[in-house]
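Asker: First the structure, then my questions, so here it is.
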Amino acid sequence: MEYKATFGIDCGVSPGFGVKYPDYEKRDEVLTAKDDISAIIEVAKQARHFSKDYLSNPKNDLTTVTVLELYGLNRNTIYIKKVLKDKGYDCIQNFEWTNEEKLVTKCSMLEHLYLTFESALKE
């Protein structure tokens, strides 16, 4: 089945070397999954990928990705927290819940540096 997810990405943007400004981007993605729980897992993977791929916000040294919406067939909203609870889960590793019950993941500047270092070692 096809699902649509909307992500809010609080990050940084750089027009050149040594300069970084705060930025916020909304991003829509389409994904395929066999059921709602599989879609949630795919959305979580995508959110983690974005958190590691985007620059960190210079105001707090974090890249914060929020899953704003997840829709299934016929634009039916998938309530992530409810689906997880029905399956016996209350959270996903590396994620928190906002007050609005949205999934949020963060990648710190230190984690970005570690990932860059780790990637360089593999080459």
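As shown in the structure tokens, the chain order sets the letters A, B, ...; within each chain, residues go from 1, and ligands are also counted from 1 in the order they appear.
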What lies within 10 Å of Tyr54 of chain A using only C-alpha atoms, ignoring chain neighbours under 3 positions off, as a PyMOL selection string?

Answerer: chain A and resi 9-13+49-51+57+62-65+107+112

Asker: Report the closest atom pair, with its distance in Å rounded to one decimal, for each residue of segment 74-100 of chain A that has an atom no farther than 9 Å from segment 32-46 of chain A; count only C-alpha atoms, sort by chain and then rising residue number, and write it as JSON lines.

Answerer:
```
{"residue": "A:Ile78", "atom": "CA", "partner": "A:Asp36", "partner_atom": "CA", "distance": 7.3}
{"residue": "A:Ile80", "atom": "CA", "partner": "A:Ile40", "partner_atom": "CA", "distance": 6.8}
{"residue": "A:Val83", "atom": "CA", "partner": "A:Ile37", "partner_atom": "CA", "distance": 6.8}
{"residue": "A:Leu84", "atom": "CA", "partner": "A:Ile37", "partner_atom": "CA", "distance": 7.2}
{"residue": "A:Lys87", "atom": "CA", "partner": "A:Ile37", "partner_atom": "CA", "distance": 8.2}
{"residue": "A:Ile92", "atom": "CA", "partner": "A:Ala44", "partner_atom": "CA", "distance": 8.1}
{"residue": "A:Phe95", "atom": "CA", "partner": "A:Ala44", "partner_atom": "CA", "distance": 8.4}
```

Asker: Given the selection you just returned, output its residues as a file containing C-alpha atoms, formatted as a tab-separated table (two decimals), in the first residue's frame.

Answerer:
```
chain	number	residue	atom	x	y	z
A	78	ILE	CA	-2.60	7.09	10.67
A	80	ILE	CA	1.10	6.61	15.07
A	83	VAL	CA	-1.08	2.03	16.22
A	84	LEU	CA	2.05	1.47	18.30
A	87	LYS	CA	0.75	-3.45	18.91
A	92	ILE	CA	10.49	3.86	19.11
A	95	PHE	CA	12.37	9.07	19.18
```

Asker: By how many Å are atom CA of Glu2 of chain A and atom CA of Leu103 of chain A apart?

Answerer: 20.0 Å

Asker: Give me, as an NGL selection string, the residues of segment 20-58 of chain A that a backbone DSSP run labels strand (DSSP E).

Answerer: :A and (20-32)

Asker: Mind dumping the selected residues with N, CA, C and O atoms as a PDB file, in the first residue's frame?

Answerer:
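The file below, selection-v9.pdb, is the result:
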```
ATOM      1  N   LYS A  20      26.562  29.315   8.713  1.00  0.00           N
ATOM      2  CA  LYS A  20      25.375  28.467   8.808  1.00  0.00           C
ATOM      3  C   LYS A  20      24.247  29.252   9.451  1.00  0.00           C
ATOM      4  O   LYS A  20      24.455  29.946  10.440  1.00  0.00           O
ATOM      5  N   TYR A  21      23.050  29.137   8.873  1.00  0.00           N
ATOM      6  CA  TYR A  21      21.873  29.836   9.383  1.00  0.00           C
ATOM      7  C   TYR A  21      20.778  28.829   9.730  1.00  0.00           C
ATOM      8  O   TYR A  21      20.697  27.766   9.116  1.00  0.00           O
ATOM      9  N   PRO A  22      19.892  29.182  10.673  1.00  0.00           N
ATOM     10  CA  PRO A  22      18.764  28.299  10.991  1.00  0.00           C
ATOM     11  C   PRO A  22      17.815  28.197   9.793  1.00  0.00           C
ATOM     12  O   PRO A  22      17.666  29.140   9.020  1.00  0.00           O
ATOM     13  N   ASP A  23      17.181  27.045   9.670  1.00  0.00           N
ATOM     14  CA  ASP A  23      16.231  26.836   8.584  1.00  0.00           C
ATOM     15  C   ASP A  23      15.171  25.837   9.046  1.00  0.00           C
ATOM     16  O   ASP A  23      15.392  25.075   9.997  1.00  0.00           O
ATOM     17  N   TYR A  24      14.024  25.884   8.396  1.00  0.00           N
ATOM     18  CA  TYR A  24      12.960  24.920   8.664  1.00  0.00           C
ATOM     19  C   TYR A  24      12.363  24.528   7.324  1.00  0.00           C
ATOM     20  O   TYR A  24      12.083  25.378   6.486  1.00  0.00           O
ATOM     21  N   GLU A  25      12.205  23.237   7.139  1.00  0.00           N
ATOM     22  CA  GLU A  25      11.678  22.731   5.870  1.00  0.00           C
ATOM     23  C   GLU A  25      10.585  21.706   6.142  1.00  0.00           C
ATOM     24  O   GLU A  25      10.713  20.870   7.034  1.00  0.00           O
ATOM     25  N   LYS A  26       9.503  21.797   5.384  1.00  0.00           N
ATOM     26  CA  LYS A  26       8.479  20.760   5.383  1.00  0.00           C
ATOM     27  C   LYS A  26       8.733  19.902   4.156  1.00  0.00           C
ATOM     28  O   LYS A  26       8.972  20.432   3.067  1.00  0.00           O
ATOM     29  N   ARG A  27       8.694  18.597   4.352  1.00  0.00           N
ATOM     30  CA  ARG A  27       9.010  17.699   3.250  1.00  0.00           C
ATOM     31  C   ARG A  27       7.989  16.567   3.191  1.00  0.00           C
ATOM     32  O   ARG A  27       7.745  15.902   4.196  1.00  0.00           O
ATOM     33  N   ASP A  28       7.414  16.350   2.018  1.00  0.00           N
ATOM     34  CA  ASP A  28       6.468  15.257   1.800  1.00  0.00           C
ATOM     35  C   ASP A  28       7.191  14.100   1.134  1.00  0.00           C
ATOM     36  O   ASP A  28       7.989  14.308   0.214  1.00  0.00           O
ATOM     37  N   GLU A  29       6.892  12.908   1.593  1.00  0.00           N
ATOM     38  CA  GLU A  29       7.479  11.708   1.013  1.00  0.00           C
ATOM     39  C   GLU A  29       6.387  10.661   0.822  1.00  0.00           C
ATOM     40  O   GLU A  29       5.470  10.554   1.640  1.00  0.00           O
ATOM     41  N   VAL A  30       6.487   9.889  -0.238  1.00  0.00           N
ATOM     42  CA  VAL A  30       5.588   8.769  -0.490  1.00  0.00           C
ATOM     43  C   VAL A  30       6.380   7.492  -0.253  1.00  0.00           C
ATOM     44  O   VAL A  30       7.526   7.372  -0.675  1.00  0.00           O
ATOM     45  N   LEU A  31       5.776   6.552   0.459  1.00  0.00           N
ATOM     46  CA  LEU A  31       6.449   5.285   0.727  1.00  0.00           C
ATOM     47  C   LEU A  31       5.462   4.144   0.561  1.00  0.00           C
ATOM     48  O   LEU A  31       4.249   4.334   0.581  1.00  0.00           O
ATOM     49  N   THR A  32       6.000   2.962   0.408  1.00  0.00           N
ATOM     50  CA  THR A  32       5.187   1.769   0.245  1.00  0.00           C
ATOM     51  C   THR A  32       5.448   0.840   1.424  1.00  0.00           C
ATOM     52  O   THR A  32       6.598   0.630   1.807  1.00  0.00           O
TER      53      THR A  32
END
```

Asker: What is the distance, in Å and to one decimal place, between atom CA of Gly8 of chain A and atom CA of Asn74 of chain A?

Answerer: 22.3 Å

Asker: Suppose you want the space between atom CA of Lys52 of chain A and atom CA of Glu69 of chain A; what is it in Å?

Answerer: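 Result for atom CA of Lys52 of chain A versus atom CA of Glu69 of chain A: 20.2 Å, one decimal.
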
Asker: Just list as a ChimeraX atom specification whatever in chain A DSSP marks as alpha helix (DSSP H).

Answerer: /A:36-53,80-86,109-122

Asker: For the selection just defined, write its residues with C-alpha atoms to a file, as an mmCIF file, in the first residue's frame.

Answerer:
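Once written, again_34.cif looks like this:
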```
data_model
loop_
_atom_site.group_PDB
_atom_site.id
_atom_site.type_symbol
_atom_site.label_atom_id
_atom_site.label_comp_id
_atom_site.auth_asym_id
_atom_site.auth_seq_id
_atom_site.Cartn_x
_atom_site.Cartn_y
_atom_site.Cartn_z
ATOM 1 C CA ASP A 36 0.333 0.620 9.080
ATOM 2 C CA ILE A 37 2.998 -0.682 11.480
ATOM 3 C CA SER A 38 5.405 -1.287 8.567
ATOM 4 C CA ALA A 39 4.661 2.239 7.334
ATOM 5 C CA ILE A 40 5.516 3.633 10.771
ATOM 6 C CA ILE A 41 8.825 1.767 10.732
ATOM 7 C CA GLU A 42 9.618 3.164 7.275
ATOM 8 C CA VAL A 43 8.664 6.688 8.377
ATOM 9 C CA ALA A 44 10.938 6.348 11.414
ATOM 10 C CA LYS A 45 13.825 5.192 9.207
ATOM 11 C CA GLN A 46 13.272 8.138 6.874
ATOM 12 C CA ALA A 47 13.110 10.614 9.775
ATOM 13 C CA ARG A 48 16.397 9.261 11.189
ATOM 14 C CA HIS A 49 17.971 9.532 7.737
ATOM 15 C CA PHE A 50 16.879 13.172 7.425
ATOM 16 C CA SER A 51 18.154 13.964 10.924
ATOM 17 C CA LYS A 52 21.588 12.668 9.981
ATOM 18 C CA ASP A 53 21.626 14.095 6.453
ATOM 19 C CA ILE A 80 1.097 6.610 15.073
ATOM 20 C CA LYS A 81 0.884 6.519 18.858
ATOM 21 C CA LYS A 82 -2.397 4.570 18.756
ATOM 22 C CA VAL A 83 -1.082 2.032 16.221
ATOM 23 C CA LEU A 84 2.054 1.471 18.302
ATOM 24 C CA LYS A 85 0.035 1.140 21.510
ATOM 25 C CA ASP A 86 -2.321 -1.376 19.859
ATOM 26 C CA MET A 109 26.252 18.253 16.082
ATOM 27 C CA LEU A 110 28.479 15.783 17.939
ATOM 28 C CA GLU A 111 26.642 12.854 16.330
ATOM 29 C CA HIS A 112 27.008 14.531 12.902
ATOM 30 C CA LEU A 113 30.765 14.803 13.480
ATOM 31 C CA TYR A 114 30.976 11.177 14.610
ATOM 32 C CA LEU A 115 29.050 9.992 11.533
ATOM 33 C CA THR A 116 31.351 12.026 9.259
ATOM 34 C CA PHE A 117 34.427 10.575 10.993
ATOM 35 C CA GLU A 118 33.029 7.045 10.819
ATOM 36 C CA SER A 119 32.240 7.469 7.117
ATOM 37 C CA ALA A 120 35.770 8.734 6.413
ATOM 38 C CA LEU A 121 37.254 5.693 8.161
ATOM 39 C CA LYS A 122 35.272 3.344 5.905
#
```

Asker: Using only C-alpha atoms, which of A:Val104, A:Pro58, A:Asn94, A:Tyr71 sits nearest Ser14 of chain A?

Answerer: A:Pro58

Asker: May I ask which of the residues A:Ser108, A:Gly72, A:Ala5, A:Thr77 is the closest one to Ser56 of chain A, counting only C-alpha atoms?

Answerer: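 Comparing A:Ser108, A:Gly72, A:Ala5, A:Thr77 against Ser56 of chain A, the winner is A:Ser108.
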
Asker: Under the rule that only C-alpha atoms are counted, which of A:Leu55, A:Val19, A:Leu70, A:Met1 is the nearest residue to Lys106 of chain A?

Answerer: A:Leu55
